Every structure is written in structure tokens, then in C-alpha cells.
Amino acid sequence: MAGHSKFKNIMHRKGAQDKKRSSMFSKLSREITVAAKMGMPDPDMNPRLRLAINAAKAQSMPKDNIQRAIDKATGGDMENYEEVRYEGYGPGGTAIIVEALTDNRNRTATNVRTAFAKNGGNLGSSGAVSHGFDRLGLITYPASAGDAETVFEAALEAGADDVTSNEEEHEIWTAMDALHEVAKALEAKLGAADAAKLAWRPTTTVEVDESNAATLLKLVDVLEDDDDVQTVWGNYEVSDEVMEKLG
């Protein structure tokens, strides 16, 4: 984990774990299906679906899988997924937000509550921690999309509010209601993004010491491994030194 990139530790720790490919495809498919059902099944007419398909393509998801996920929304046999958010507290005084797409709220709530309870945290009520985060749009590109200056200029011109670059990727932040518009403008300049989604960005972060870091990272892993969970956000930072000790 790169300590110089604060949000690297805050988001889903891409480089720190190997996600099972099938699980990742399942989550991407679910987002495509929900997006297609909520709007039109045509990505040119449905911004959320367009972003979901682009994210799937960035992860090399086969075209057949993408089409099946779209077709599921127009067929009569689709599960009724709903978007649910959970908020809780992790080890070391950290704040965690969990976003899920589920066809069974009771199952998901039980799994999330258990994950917190078994890994040094506790689930809070709705609104317990989200007041410490800003709801923004986040667009990510690989470092290969261009150097920091090129991406910054493109993002500025597209209407983005902030850009953070490191040796792995570029994170482009937008106002919540400008996400689709900025993503579309950037696509014309930089190609399809790795991901473009609404995000929770903490207003302040908590530095987690070695005694709490292992438990916290286990909590995040357990949550992310749940099929219903789409994204886990938090306000924590783990230094390079601590990560090295944890091995």
C-alpha cells in the first residue's frame, strides 16, 4: 500500500489483495443488471449503465457476460436487487461505510453485522459515520493513461474538482451530480476509465497503528469478500512501515 496516496488505504486496497475473479465479475454483473433495470438497457441513453459497462471492460470482463447481465434486467427472472448502505466503526476508532446490492436484506445485514462483530468493530445506525464523509464522484485511470500533468489538464477541462496521481493510478474527483458528464468528457480524451462511481471521501483520516491495523484490514477483507457487498469505504490510513511489519 502506497503511503503517499492517502486514498489508497482508504478505498479498497486494490494492490494489497487478490480478489477472486469470479467474485469480481459477479459484483460487476450485478451493477450492470441494476443499472439497466433502473434506466434503459441502452448505455448511450443510460449514464449509470455506461459507467458500469466501462468498469467491467476495464477488468477484462467478457462481452458475453456483459450482455447477459443487461439481458437479465429485461427478462422476467431477475432478482429484485436493492441498494443498501451500512455504517459502522472499525478498530482504532475508524469509520466504515459498506455499500451493497442485495436481493435479501436480512442475509446481508446479518453477514455485515457478523463481520464487524468478529473483527473488532460494531455496526452503527444509519447516518452514524457518513457525516464525516463527502459524497463525491470518483473516476480512476491507470497510470498508463498519461502523465500527471496531462491527466490533470484533461480533468480540469472536463470539469473535475480535484486530481490525485501516483505511480499506480490517477484519481479524479467530481461533484456528485457531475460524475457522468465529466466521465464522458474524459473518455473522449483518455479512453475508458477503470472505474467511475459515486464515492465516500472522508473529511479527515485516522492513522491506524500496528496493534489495530491487522484486525482492521481483516474486517475490510471479510466485508469485501461478501457477494452482496459492492464497495467498502473508510477514513483510515495505514503507513508503509506498518504494512511492511504486517507482511
# chains A, B, ... in the order shown; residues from 1 in each chain; ligands from 1
$ closest_atom_pairs --of "stretch 107-175 of chain A" --to "stretch 42-65 of chain A" --cutoff "10 Å" --atoms "only C-alpha atoms" --output "tab-separated table"
residue	atom	partner	partner_atom	distance
A:Ile139	CA	A:Leu51	CA	9.7
A:Thr140	CA	A:Ala55	CA	9.7
A:Tyr141	CA	A:Ala58	CA	9.5
A:Pro142	CA	A:Ala58	CA	9.8
$ write_last_selection --atoms "C-alpha atoms" --output "tab-separated table (two decimals), in the first residue's frame"
chain	number	residue	atom	x	y	z
A	139	ILE	CA	-13.12	8.36	-11.71
A	140	THR	CA	-9.96	6.25	-11.78
A	141	TYR	CA	-7.48	5.75	-14.61
A	142	PRO	CA	-4.34	3.62	-14.70
$ residues_around --residues "stretch 88-104 of chain A" --least-positions-apart "2" --cutoff "8 Å" --atoms "only C-alpha atoms" --output "CSV table (one decimal) with C-alpha atoms, in the first residue's frame"
chain,number,residue,atom,x,y,z
A,30,ARG,CA,-25.0,-7.1,-10.6
A,31,GLU,CA,-24.2,-3.4,-11.0
A,79,GLU,CA,-33.8,-11.0,-8.7
A,80,ASN,CA,-35.0,-7.7,-7.2
A,81,TYR,CA,-31.8,-6.2,-6.0
A,82,GLU,CA,-31.9,-3.1,-3.8
A,83,GLU,CA,-29.2,-0.7,-2.8
A,84,VAL,CA,-28.4,-0.8,0.9
A,85,ARG,CA,-25.8,1.2,3.0
A,86,TYR,CA,-24.4,0.1,6.3
A,106,ASN,CA,-31.8,-9.9,6.2
A,107,ARG,CA,-29.0,-12.1,4.9
A,108,THR,CA,-26.8,-9.1,4.0
A,116,PHE,CA,-18.0,-6.2,12.3
A,119,ASN,CA,-13.2,-8.3,13.6
A,120,GLY,CA,-13.0,-5.6,16.3
A,121,GLY,CA,-15.8,-3.4,15.2
A,122,ASN,CA,-19.5,-2.8,15.6
A,123,LEU,CA,-22.3,-1.9,13.2
A,124,GLY,CA,-23.9,1.5,13.8
A,125,SER,CA,-27.2,3.0,12.8
A,128,ALA,CA,-23.7,7.0,12.3
A,129,VAL,CA,-20.5,7.9,10.4
A,130,SER,CA,-21.5,9.2,6.9
A,200,TRP,CA,-17.5,8.5,0.1
A,206,VAL,CA,-7.3,8.3,11.1
A,208,VAL,CA,-4.1,3.2,12.4
A,209,ASP,CA,-1.2,1.8,14.5
A,212,ASN,CA,-5.2,-2.3,15.2
A,213,ALA,CA,-4.1,-2.5,11.5
A,215,THR,CA,-7.7,-6.5,12.6
A,216,LEU,CA,-9.0,-3.6,10.6
A,219,LEU,CA,-12.5,-6.6,8.6
A,223,LEU,CA,-16.7,-7.4,4.1
A,228,ASP,CA,-23.6,-8.7,-1.7
A,229,VAL,CA,-21.1,-6.0,-0.9
A,230,GLN,CA,-20.1,-3.8,-3.8
A,231,THR,CA,-17.7,-1.3,-2.1
A,232,VAL,CA,-16.2,-0.6,1.3
A,233,TRP,CA,-15.1,2.9,2.2
A,234,GLY,CA,-13.3,4.1,5.3
A,235,ASN,CA,-11.4,7.0,6.9
A,236,TYR,CA,-8.3,5.1,7.8
$ residues_around --residues "A:Glu149" --least-positions-apart "5" --cutoff "12 Å" --atoms "only C-alpha atoms" --output "ChimeraX atom specification"
/A:143,154-156,163-166,170
$ select_by_dssp --residues "stretch 85-163 of chain A" --states "strand (DSSP E)" --output "number ranges by chain"
A: 85-90, 94-102, 122-123, 133-142, 162-163
$ closest_residue --among "A:Lys245, A:Glu210, A:Pro202, A:Val222" --to "A:Ala117" --atoms "only C-alpha atoms"
A:Val222
$ atom_distance --atom1 "atom CA of A:Thr203" --atom2 "atom CA of A:Ala158"
24.1 Å
$ select_by_dssp --residues "stretch 63-238 of chain A" --states "alpha helix (DSSP H)" --output "PyMOL selection string"
chain A and resi 63-74+105-118+148-158+179-190+210-225
$ atom_distance --atom1 "atom CA of A:Met176" --atom2 "atom CA of A:Leu198"
6.7 Å
$ closest_residue --among "A:Asp226, A:Ser126, A:Leu217, A:Ala148" --to "A:Val242" --atoms "only C-alpha atoms"
A:Leu217
$ atom_distance --atom1 "atom CA of A:Gly137" --atom2 "atom CA of A:Ala73"
24.8 Å
